[in-house]
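J.: This is query-v4.pdb, which holds PDB, C-alpha atoms and all ligand atoms:
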```pdb
ATOM      1  CA  MET A 561      43.077   4.373  43.706
ATOM      2  CA  SER A 562      45.914   2.024  44.770
ATOM      3  CA  ILE A 563      45.589  -0.087  47.923
ATOM      4  CA  SER A 564      48.356   2.029  49.446
ATOM      5  CA  ASP A 565      46.546   5.306  48.818
ATOM      6  CA  ALA A 566      43.256   3.940  49.976
ATOM      7  CA  THR A 567      44.566   2.486  53.212
ATOM      8  CA  GLN A 568      46.620   5.401  54.457
ATOM      9  CA  CYS A 569      44.094   5.876  57.221
ATOM     10  CA  ALA A 570      42.919   2.275  57.248
ATOM     11  CA  THR A 571      45.068   0.984  60.058
ATOM     12  CA  ASP A 572      42.676  -1.543  61.530
ATOM     13  CA  LEU A 573      42.073  -4.917  59.970
ATOM     14  CA  ARG A 574      38.413  -4.520  59.007
ATOM     15  CA  ARG A 575      38.963  -1.151  57.382
ATOM     16  CA  HIS A 576      42.098  -2.352  55.635
ATOM     17  CA  MET A 577      40.292  -5.299  54.032
ATOM     18  CA  TRP A 578      37.356  -3.116  53.060
ATOM     19  CA  MET A 579      39.604  -0.491  51.443
ATOM     20  CA  ALA A 580      41.621  -3.231  49.735
ATOM     21  CA  GLY A 581      38.445  -4.497  48.082
ATOM     22  CA  VAL A 582      38.337  -7.915  49.778
ATOM     23  CA  GLU A 583      34.906  -9.372  49.086
ATOM     24  CA  THR A 584      32.390  -9.012  51.968
ATOM     25  CA  GLU A 585      32.014 -12.626  53.114
ATOM     26  CA  LEU A 586      35.755 -13.298  52.874
ATOM     27  CA  ARG A 587      36.411 -10.136  54.842
ATOM     28  CA  ARG A 588      34.075 -11.194  57.605
ATOM     29  CA  LEU A 589      35.534 -14.681  57.690
ATOM     30  CA  ILE A 590      39.132 -13.433  57.965
ATOM     31  CA  TRP A 591      38.028 -11.098  60.751
ATOM     32  CA  GLN A 592      36.286 -13.912  62.606
ATOM     33  CA  ILE A 593      39.405 -16.116  62.405
ATOM     34  CA  ALA A 594      41.683 -13.280  63.525
ATOM     35  CA  ILE A 595      39.452 -12.744  66.568
ATOM     36  CA  THR A 596      39.648 -16.462  67.334
ATOM     37  CA  GLY A 597      43.389 -15.919  67.831
ATOM     38  CA  LYS A 598      42.559 -13.895  70.954
ATOM     39  CA  TYR A 599      40.647 -16.799  72.497
ATOM     40  CA  ILE A 600      43.361 -19.328  71.630
ATOM     41  CA  SER A 601      46.030 -17.067  73.073
ATOM     42  CA  ALA A 602      44.031 -16.739  76.310
ATOM     43  CA  LYS A 603      43.989 -20.546  76.586
ATOM     44  CA  ILE A 604      47.783 -20.712  76.062
ATOM     45  CA  HIS A 605      48.303 -18.198  78.876
ATOM     46  CA  GLU A 606      45.862 -20.035  81.120
ATOM     47  CA  ALA A 607      47.675 -23.342  80.568
ATOM     48  CA  ASN A 608      51.082 -21.813  81.223
ATOM     49  CA  ARG A 609      49.920 -20.208  84.472
ATOM     50  CA  LYS A 610      48.134 -23.307  85.680
ATOM     51  CA  PHE A 611      51.006 -25.692  85.089
ATOM     52  CA  ALA A 612      54.053 -23.538  85.802
ATOM     53  CA  GLY A 613      56.256 -25.642  88.070
ATOM     54  CA  PHE A 614      54.497 -28.934  87.196
ATOM     55  CA  ARG A 615      56.438 -29.849  84.080
ATOM     56  CA  ASN A 616      55.770 -33.587  84.358
ATOM     57  CA  ILE A 617      52.094 -33.111  83.597
ATOM     58  CA  PHE A 618      52.649 -30.457  80.953
ATOM     59  CA  GLY A 619      52.487 -33.034  78.134
ATOM     60  CA  GLU A 620      48.830 -33.726  78.888
ATOM     61  CA  GLU A 621      48.041 -30.037  79.002
ATOM     62  CA  GLN A 622      49.771 -29.552  75.654
ATOM     63  CA  LEU A 623      47.560 -32.205  74.054
ATOM     64  CA  ALA A 624      44.532 -30.586  75.647
ATOM     65  CA  LEU A 625      45.604 -27.209  74.239
ATOM     66  CA  ASP A 626      45.765 -28.568  70.687
ATOM     67  CA  ARG A 627      42.260 -29.932  71.083
ATOM     68  CA  THR A 628      40.959 -26.794  72.760
ATOM     69  CA  ALA A 629      42.332 -24.578  69.974
ATOM     70  CA  ASP A 630      40.676 -26.881  67.446
ATOM     71  CA  GLU A 631      37.318 -26.754  69.248
ATOM     72  CA  ILE A 632      37.394 -22.954  69.551
ATOM     73  CA  LEU A 633      38.268 -22.503  65.897
ATOM     74  CA  LYS A 634      35.652 -24.970  64.668
ATOM     75  CA  ALA A 635      32.950 -23.295  66.759
ATOM     76  CA  GLN A 636      33.881 -19.824  65.503
ATOM     77  CA  LEU A 637      33.921 -20.946  61.879
ATOM     78  CA  GLN A 638      30.553 -22.617  62.270
ATOM     79  CA  PHE A 639      29.190 -19.499  63.930
ATOM     80  CA  SER A 640      30.447 -17.312  61.046
ATOM     81  CA  GLY A 641      27.997 -19.027  58.671
ATOM     82  CA  PHE A 642      30.485 -18.810  55.775
ATOM     83  CA  VAL A 643      32.168 -22.207  56.050
ATOM     84  CA  ARG A 644      30.943 -25.470  54.537
ATOM     85  CA  GLU A 645      33.783 -27.838  55.455
ATOM     86  CA  TYR A 646      36.527 -27.812  58.066
ATOM     87  CA  ALA A 647      39.751 -29.815  57.670
ATOM     88  CA  SER A 648      42.002 -29.638  60.717
ATOM     89  CA  GLU A 649      45.326 -31.182  61.613
ATOM     90  CA  GLU A 650      43.586 -32.299  64.783
ATOM     91  CA  GLN A 651      40.920 -34.324  62.952
ATOM     92  CA  ASP A 652      41.163 -37.548  60.929
ATOM     93  CA  SER A 653      38.685 -36.452  58.281
ATOM     94  CA  VAL A 654      37.051 -33.384  56.798
ATOM     95  CA  ILE A 655      34.122 -32.224  58.951
ATOM     96  CA  VAL A 656      31.002 -30.730  57.437
ATOM     97  CA  ILE A 657      30.108 -27.722  59.593
ATOM     98  CA  GLY A 658      27.798 -25.829  57.248
ATOM     99  CA  LYS A 659      24.372 -26.414  55.725
ATOM    100  CA  GLY A 660      25.737 -26.987  52.220
ATOM    101  CA  ASP A 661      25.473 -23.614  50.523
ATOM    102  CA  GLU A 662      28.368 -21.826  52.282
ATOM    103  CA  GLN A 663      31.147 -20.422  50.113
ATOM    104  CA  TYR A 664      34.327 -21.484  51.918
ATOM    105  CA  PHE A 665      36.310 -24.584  52.855
ATOM    106  CA  ILE A 666      38.913 -24.236  55.608
ATOM    107  CA  THR A 667      42.189 -25.976  56.350
ATOM    108  CA  ALA A 668      43.652 -25.318  59.787
ATOM    109  CA  ASP A 669      46.577 -26.119  61.973
ATOM    110  CA  PRO A 670      44.919 -24.631  65.074
ATOM    111  CA  LEU A 671      48.046 -24.669  67.248
ATOM    112  CA  ASP A 672      51.262 -25.432  65.404
ATOM    113  CA  GLY A 673      54.376 -25.946  67.535
ATOM    114  CA  SER A 674      52.467 -26.745  70.711
ATOM    115  CA  SER A 675      55.434 -28.768  72.004
ATOM    116  CA  LEU A 676      57.160 -25.394  72.449
ATOM    117  CA  VAL A 677      54.531 -23.936  74.786
ATOM    118  CA  ASP A 678      56.438 -24.786  77.962
ATOM    119  CA  THR A 679      59.630 -23.168  76.589
ATOM    120  CA  ASN A 680      57.812 -19.840  76.078
ATOM    121  CA  LEU A 681      58.925 -19.700  72.432
ATOM    122  CA  SER A 682      56.418 -18.406  69.883
ATOM    123  CA  ILE A 683      53.829 -20.736  68.392
ATOM    124  CA  GLY A 684      51.032 -20.131  65.911
ATOM    125  CA  THR A 685      47.812 -20.860  64.047
ATOM    126  CA  ILE A 686      47.820 -21.455  60.262
ATOM    127  CA  ILE A 687      44.700 -21.149  58.093
ATOM    128  CA  GLY A 688      43.927 -21.762  54.422
ATOM    129  CA  ILE A 689      40.642 -20.420  53.013
ATOM    130  CA  HIS A 690      39.522 -22.287  49.896
ATOM    131  CA  SER A 691      36.707 -21.754  47.417
ATOM    132  CA  SER A 692      36.262 -25.503  46.759
ATOM    133  CA  PRO A 693      37.049 -28.826  48.495
ATOM    134  CA  VAL A 694      40.614 -28.877  49.734
ATOM    135  CA  LEU A 695      42.065 -32.092  48.289
ATOM    136  CA  ASN A 696      43.299 -30.409  45.131
ATOM    137  CA  GLU A 697      46.117 -28.149  43.979
ATOM    138  CA  GLY A 698      46.369 -25.253  46.430
ATOM    139  CA  ARG A 699      46.752 -22.774  43.600
ATOM    140  CA  LYS A 700      43.316 -23.787  42.240
ATOM    141  CA  THR A 701      41.413 -23.607  45.520
ATOM    142  CA  LEU A 702      43.061 -21.103  47.883
ATOM    143  CA  VAL A 703      41.503 -17.631  47.925
ATOM    144  CA  ALA A 704      43.191 -16.459  51.116
ATOM    145  CA  ALA A 705      45.589 -17.601  53.803
ATOM    146  CA  MET A 706      46.599 -16.291  57.184
ATOM    147  CA  TYR A 707      48.652 -17.090  60.240
ATOM    148  CA  ILE A 708      48.707 -15.809  63.798
ATOM    149  CA  THR A 709      51.844 -15.798  65.980
ATOM    150  CA  TYR A 710      51.539 -16.048  69.745
ATOM    151  CA  GLY A 711      54.767 -14.486  70.989
ATOM    152  CA  PRO A 712      55.763 -11.391  72.954
ATOM    153  CA  LEU A 713      53.151  -9.790  70.692
ATOM    154  CA  ILE A 714      50.232 -11.407  68.905
ATOM    155  CA  THR A 715      50.609 -10.701  65.214
ATOM    156  CA  MET A 716      48.553 -11.763  62.226
ATOM    157  CA  VAL A 717      49.535 -11.910  58.568
ATOM    158  CA  TYR A 718      46.913 -12.405  55.891
ATOM    159  CA  SER A 719      46.716 -12.424  52.142
ATOM    160  CA  ALA A 720      43.532 -12.451  50.122
ATOM    161  CA  GLY A 721      45.447 -12.465  46.834
ATOM    162  CA  LYS A 722      46.333  -8.765  46.934
ATOM    163  CA  GLY A 723      49.665  -8.739  48.724
ATOM    164  CA  SER A 724      50.539  -9.923  52.227
ATOM    165  CA  HIS A 725      49.907  -7.656  55.188
ATOM    166  CA  GLU A 726      50.969  -7.783  58.826
ATOM    167  CA  PHE A 727      48.845  -6.656  61.793
ATOM    168  CA  VAL A 728      49.607  -6.434  65.514
ATOM    169  CA  LEU A 729      47.003  -6.927  68.216
ATOM    170  CA  ASN A 730      47.040  -3.831  70.412
ATOM    171  CA  ARG A 731      46.027  -3.419  74.067
ATOM    172  CA  GLU A 732      42.487  -2.487  73.045
ATOM    173  CA  GLY A 733      42.135  -5.822  71.266
ATOM    174  CA  GLU A 734      42.241  -4.364  67.739
ATOM    175  CA  TYR A 735      44.452  -5.674  64.964
ATOM    176  CA  VAL A 736      46.442  -2.630  63.837
ATOM    177  CA  LEU A 737      48.284  -2.487  60.527
ATOM    178  CA  ALA A 738      52.047  -2.941  60.981
ATOM    179  CA  GLN A 739      53.156  -3.495  57.376
ATOM    180  CA  GLU A 740      51.152  -3.295  54.210
ATOM    181  CA  ASN A 741      52.199  -5.108  51.040
ATOM    182  CA  ILE A 742      55.310  -6.760  52.432
ATOM    183  CA  VAL A 743      57.856  -7.176  49.642
ATOM    184  CA  MET A 744      60.664  -9.677  50.188
ATOM    185  CA  ASP A 745      64.147  -8.981  48.887
ATOM    186  CA  ASP A 746      65.449 -11.190  46.126
ATOM    187  CA  ARG A 747      68.011 -12.644  48.538
ATOM    188  CA  GLY A 748      68.298 -12.912  52.320
ATOM    189  CA  SER A 749      70.945 -13.884  54.866
ATOM    190  CA  ILE A 750      69.333 -16.397  57.244
ATOM    191  CA  TYR A 751      68.642 -20.129  56.980
ATOM    192  CA  SER A 752      66.319 -22.253  59.053
ATOM    193  CA  LEU A 753      66.589 -26.027  58.633
ATOM    194  CA  GLY A 754      64.648 -28.942  60.058
ATOM    195  CA  GLY A 755      65.634 -32.606  60.278
ATOM    196  CA  LEU A 756      68.797 -34.239  61.581
ATOM    197  CA  ARG A 757      71.933 -33.596  59.537
ATOM    198  CA  LYS A 758      72.765 -37.330  59.485
ATOM    199  CA  GLU A 759      69.338 -37.939  57.902
ATOM    200  CA  TRP A 760      69.778 -35.406  55.087
ATOM    201  CA  LEU A 761      70.276 -36.555  51.485
ATOM    202  CA  PRO A 762      73.591 -35.646  49.760
ATOM    203  CA  GLU A 763      72.055 -33.022  47.451
ATOM    204  CA  HIS A 764      70.422 -31.234  50.402
ATOM    205  CA  LEU A 765      73.683 -31.352  52.344
ATOM    206  CA  ALA A 766      75.538 -29.844  49.362
ATOM    207  CA  TYR A 767      72.950 -27.029  49.263
ATOM    208  CA  VAL A 768      73.344 -26.359  52.995
ATOM    209  CA  GLU A 769      77.143 -26.274  52.589
ATOM    210  CA  PHE A 770      76.638 -23.687  49.840
ATOM    211  CA  LEU A 771      74.527 -21.550  52.219
ATOM    212  CA  GLU A 772      77.057 -21.904  55.024
ATOM    213  CA  SER A 773      80.036 -21.048  52.830
ATOM    214  CA  SER A 774      78.064 -18.018  51.563
ATOM    215  CA  GLY A 775      77.777 -16.696  55.120
ATOM    216  CA  TYR A 776      74.113 -17.416  55.931
ATOM    217  CA  LYS A 777      73.227 -17.271  59.645
ATOM    218  CA  LEU A 778      71.346 -20.136  61.300
ATOM    219  CA  ARG A 779      67.951 -19.158  62.749
ATOM    220  CA  TYR A 780      65.706 -22.108  63.716
ATOM    221  CA  SER A 781      63.222 -22.166  66.590
ATOM    222  CA  GLY A 782      61.411 -25.440  65.837
ATOM    223  CA  GLY A 783      58.118 -23.590  65.348
ATOM    224  CA  PHE A 784      57.036 -23.342  61.718
ATOM    225  CA  VAL A 785      54.991 -20.168  62.200
ATOM    226  CA  PRO A 786      57.694 -18.046  63.903
ATOM    227  CA  ASP A 787      60.383 -19.484  61.608
ATOM    228  CA  ILE A 788      58.429 -18.477  58.488
ATOM    229  CA  ASN A 789      57.362 -15.188  60.062
ATOM    230  CA  GLN A 790      61.013 -14.360  60.661
ATOM    231  CA  ILE A 791      61.856 -14.857  56.983
ATOM    232  CA  LEU A 792      58.883 -12.798  55.844
ATOM    233  CA  ILE A 793      59.423  -9.940  58.291
ATOM    234  CA  LYS A 794      63.209  -9.876  57.715
ATOM    235  CA  LYS A 795      62.281  -9.929  53.993
ATOM    236  CA  GLY A 796      64.500 -12.819  52.979
ATOM    237  CA  GLY A 797      66.178 -16.124  53.718
ATOM    238  CA  ILE A 798      65.260 -19.781  53.470
ATOM    239  CA  PHE A 799      63.311 -22.283  55.567
ATOM    240  CA  SER A 800      63.581 -25.946  54.675
ATOM    241  CA  TYR A 801      62.267 -29.174  56.098
ATOM    242  CA  PRO A 802      63.765 -31.528  53.531
ATOM    243  CA  ALA A 803      63.273 -35.117  52.431
ATOM    244  CA  LEU A 804      64.996 -37.364  54.965
ATOM    245  CA  LYS A 805      66.533 -40.811  54.454
ATOM    246  CA  LYS A 806      63.871 -42.372  56.695
ATOM    247  CA  SER A 807      61.019 -40.104  55.561
ATOM    248  CA  PRO A 808      61.357 -39.064  51.901
ATOM    249  CA  SER A 809      58.301 -36.798  52.210
ATOM    250  CA  GLY A 810      59.797 -34.824  55.082
ATOM    251  CA  LYS A 811      57.646 -33.877  58.062
ATOM    252  CA  LEU A 812      55.406 -30.935  57.271
ATOM    253  CA  ARG A 813      51.859 -31.264  56.001
ATOM    254  CA  LEU A 814      50.959 -29.895  52.610
ATOM    255  CA  ILE A 815      47.479 -28.531  53.119
ATOM    256  CA  PHE A 816      47.666 -27.542  56.783
ATOM    257  CA  GLU A 817      51.122 -25.974  56.931
ATOM    258  CA  LEU A 818      52.896 -25.614  53.594
ATOM    259  CA  GLN A 819      50.318 -24.345  51.110
ATOM    260  CA  PRO A 820      48.918 -21.490  53.251
ATOM    261  CA  MET A 821      52.486 -20.294  53.947
ATOM    262  CA  ALA A 822      53.461 -20.681  50.273
ATOM    263  CA  TYR A 823      50.429 -18.555  49.323
ATOM    264  CA  ILE A 824      51.423 -15.776  51.747
ATOM    265  CA  LEU A 825      55.105 -15.784  50.760
ATOM    266  CA  GLU A 826      54.364 -15.871  47.015
ATOM    267  CA  GLN A 827      52.126 -12.840  47.532
ATOM    268  CA  ALA A 828      55.148 -11.116  49.098
ATOM    269  CA  GLY A 829      57.411 -11.993  46.145
ATOM    270  CA  GLY A 830      58.893 -15.173  47.633
ATOM    271  CA  MET A 831      58.730 -18.768  46.427
ATOM    272  CA  ALA A 832      58.114 -22.260  47.785
ATOM    273  CA  THR A 833      59.121 -25.558  46.194
ATOM    274  CA  ASP A 834      59.457 -29.240  47.054
ATOM    275  CA  GLY A 835      62.674 -29.230  45.009
ATOM    276  CA  SER A 836      61.080 -29.410  41.575
ATOM    277  CA  ARG A 837      57.439 -28.282  41.807
ATOM    278  CA  ASP A 838      55.925 -25.165  43.330
ATOM    279  CA  ILE A 839      54.315 -26.146  46.634
ATOM    280  CA  LEU A 840      51.023 -24.581  45.467
ATOM    281  CA  ASP A 841      50.988 -26.784  42.340
ATOM    282  CA  ILE A 842      51.112 -30.056  44.263
ATOM    283  CA  LYS A 843      47.777 -31.855  44.419
ATOM    284  CA  ALA A 844      47.025 -33.102  47.917
ATOM    285  CA  THR A 845      46.052 -36.770  47.804
ATOM    286  CA  ASP A 846      44.984 -37.054  51.430
ATOM    287  CA  LEU A 847      44.806 -34.925  54.563
ATOM    288  CA  ASP A 848      48.088 -36.318  55.834
ATOM    289  CA  HIS A 849      49.961 -35.548  52.577
ATOM    290  CA  ARG A 850      53.482 -34.397  53.504
ATOM    291  CA  SER A 851      56.148 -32.803  51.372
ATOM    292  CA  PRO A 852      59.748 -31.664  51.544
ATOM    293  CA  VAL A 853      59.831 -27.868  51.429
ATOM    294  CA  TYR A 854      62.161 -25.008  50.511
ATOM    295  CA  ILE A 855      60.441 -21.688  51.123
ATOM    296  CA  GLY A 856      61.770 -18.141  51.226
ATOM    297  CA  SER A 857      63.263 -15.542  48.938
ATOM    298  CA  ARG A 858      63.720 -16.184  45.220
ATOM    299  CA  PHE A 859      67.486 -16.550  45.024
ATOM    300  CA  GLU A 860      67.654 -19.233  47.725
ATOM    301  CA  ILE A 861      64.739 -21.196  46.309
ATOM    302  CA  GLN A 862      66.091 -21.148  42.764
ATOM    303  CA  LYS A 863      69.482 -22.264  44.127
ATOM    304  CA  ALA A 864      67.794 -25.088  46.039
ATOM    305  CA  ARG A 865      66.183 -26.252  42.799
ATOM    306  CA  GLU A 866      69.572 -26.291  41.048
ATOM    307  CA  PHE A 867      71.189 -28.344  43.825
ATOM    308  CA  LEU A 868      68.300 -30.787  44.071
ATOM    309  CA  LYS A 869      68.230 -31.311  40.299
ATOM    310  CA  ALA A 870      71.944 -32.076  40.344
TER     311      ALA A 870
HETATM  312  P1  LIG B 901      54.655 -29.759  66.973
HETATM  313  O1  LIG B 901      53.342 -29.093  66.596
HETATM  314  O2  LIG B 901      54.528 -31.198  67.289
HETATM  315  O3  LIG B 901      55.385 -28.995  68.043
HETATM  316  O4  LIG B 901      55.582 -29.731  65.643
HETATM  317  C1  LIG B 901      56.002 -28.522  65.120
HETATM  318  C2  LIG B 901      56.334 -28.686  63.679
HETATM  319  O5  LIG B 901      55.303 -29.351  63.005
HETATM  320  C3  LIG B 901      56.634 -27.359  62.996
HETATM  321  O6  LIG B 901      56.051 -26.279  63.652
HETATM  322  C4  LIG B 901      58.139 -27.264  62.975
HETATM  323  O7  LIG B 901      58.639 -26.568  61.865
HETATM  324  C5  LIG B 901      58.569 -28.698  62.970
HETATM  325  O8  LIG B 901      57.521 -29.459  63.545
HETATM  326  C6  LIG B 901      59.809 -28.904  63.785
HETATM  327  O9  LIG B 901      60.237 -30.208  63.691
HETATM  328  P2  LIG B 901      61.572 -30.714  64.416
HETATM  329  O10 LIG B 901      61.235 -30.834  65.885
HETATM  330  O11 LIG B 901      61.857 -32.032  63.787
HETATM  331  O12 LIG B 901      62.669 -29.700  64.189
END
```
Could you quickly redo this structure as structure tokens?
T.:
Amino acid sequence: MSISDATQCATDLRRHMWMAGVETELRRLIWQIAITGKYISAKIHEANRKFAGFRNIFGEEQLALDRTADEILKAQLQFSGFVREYASEEQDSVIVIGKGDEQYFITADPLDGSSLVDTNLSIGTIIGIHSSPVLNEGRKTLVAAMYITYGPLITMVYSAGKGSHEFVLNREGEYVLAQENIVMDDRGSIYSLGGLRKEWLPEHLAYVEFLESSGYKLRYSGGFVPDINQILIKKGGIFSYPALKKSPSGKLRLIFELQPMAYILEQAGGMATDGSRDILDIKATDLDHRSPVYIGSRFEIQKAREFLKA
């Protein structure tokens, strides 16, 4: 039976994963992380209510939110009993949270884009689930990836290596299937670019001029999760945070941000590259490893490779 047949009536997350044949412990872990999104979202709302009208102290609250999201996530992962090590963008080193015989190793950006909280734009949580220690090539260690968007709706996209699927949190607090097996088109019509234009390298600028002369529309929020979500849900386009003159490795972190998103988009038929290598084939050398990125539908990524080679 195909996943599609089997999940016709499997609209909630747990049932969907079960019908899709996701292995028991991984299923429970993904569920536990998805639920954590509810607690993090409650904290975002709490902070916004508490500090509305007091913008000058919002910076402190934003830092506190990052830490709070990290604490909540770490506690939930520890509680799950499935996680041996936790690597978070909020921590300087990998933290051992298990007893030593647990199956999974987690990378997390608990609250990406937190500087946007006061603007009421969407922000998100990004998770990589690995079967071995995380400082390696993502393609060798990742067994699942997921992200949660905190926007007008809370949505969650996960892939456990059998397609990428989108869920929406409903009023009853259940994640309900919105799209199963998302398939991106070969080519899209939007572009989303980070970094200052004056800092871009000539080959990147030439690529952007190609996109602009081809009629691509600019769509950039400054939040990696909603910007990638937009490309996935619109089924095409390109997001790039390129190498910059002052920072040749760009801004975004390989294991916390780029590899989980590359995993999800590849599972939907998209691609992700640093200009020459697939993002998932890059071996992380340290937790702070950064990389330029071009991620989206196939046509745009292949074009980016041609321009960057030239
Ligand atoms: P913050 O978590 O500090 O808000 O950074 C967000 C982010 O890491 C990522 O979500 C965006 O894609 C990127 O930075 C935006 O960077 P610019 O502000 O340079 O456009």
J.: When the cut-off is 9 Å and you count only C-alpha atoms and all ligand atoms, which residues lie near ligand LIG 901 (chain B), shown as a tab-separated table (two decimals) with C-alpha atoms, in the frame of the given file?
T.:
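Generated output (selection.tsv):
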```
chain	number	residue	atom	x	y	z
A	626	ASP	CA	45.76	-28.57	70.69
A	669	ASP	CA	46.58	-26.12	61.97
A	671	LEU	CA	48.05	-24.67	67.25
A	672	ASP	CA	51.26	-25.43	65.40
A	673	GLY	CA	54.38	-25.95	67.54
A	674	SER	CA	52.47	-26.74	70.71
A	675	SER	CA	55.43	-28.77	72.00
A	676	LEU	CA	57.16	-25.39	72.45
A	677	VAL	CA	54.53	-23.94	74.79
A	683	ILE	CA	53.83	-20.74	68.39
A	684	GLY	CA	51.03	-20.13	65.91
A	753	LEU	CA	66.59	-26.03	58.63
A	754	GLY	CA	64.65	-28.94	60.06
A	755	GLY	CA	65.63	-32.61	60.28
A	756	LEU	CA	68.80	-34.24	61.58
A	780	TYR	CA	65.71	-22.11	63.72
A	781	SER	CA	63.22	-22.17	66.59
A	782	GLY	CA	61.41	-25.44	65.84
A	783	GLY	CA	58.12	-23.59	65.35
A	784	PHE	CA	57.04	-23.34	61.72
A	785	VAL	CA	54.99	-20.17	62.20
A	786	PRO	CA	57.69	-18.05	63.90
A	787	ASP	CA	60.38	-19.48	61.61
A	788	ILE	CA	58.43	-18.48	58.49
A	799	PHE	CA	63.31	-22.28	55.57
A	800	SER	CA	63.58	-25.95	54.68
A	801	TYR	CA	62.27	-29.17	56.10
A	811	LYS	CA	57.65	-33.88	58.06
A	812	LEU	CA	55.41	-30.94	57.27
A	813	ARG	CA	51.86	-31.26	56.00
A	817	GLU	CA	51.12	-25.97	56.93
```
J.: Between CA of Arg850 in chain A and CA of Gly810 in chain A, what is the distance, to one decimal in Å?
T.: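 Those two atoms sit 6.5 Å apart.
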J.: For Met716 in chain A, which of A:Pro802, A:Gly748, A:Gly597, A:Gly856 is the closest residue, counting all atoms listed in the file?
T.: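 Using all atoms listed in the file, Met716 in chain A sits closest to A:Gly597.
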J.: May I have the protein, DNA and RNA residues with an atom at most 10 Å from (55.1, -8.7, 69.5), counting all atoms listed in the file in the file's coordinates, returned as a ChimeraX atom specification?
T.: /A:682,709-715,728-730
J.: For range 695-707 of chain A, find every residue with an atom within 6 Å (counting all atoms listed in the file), except residues of its own chain fewer than 3 positions away, and show them as a ChimeraX atom specification.
T.: /A:685-692,716-720,820,840-844
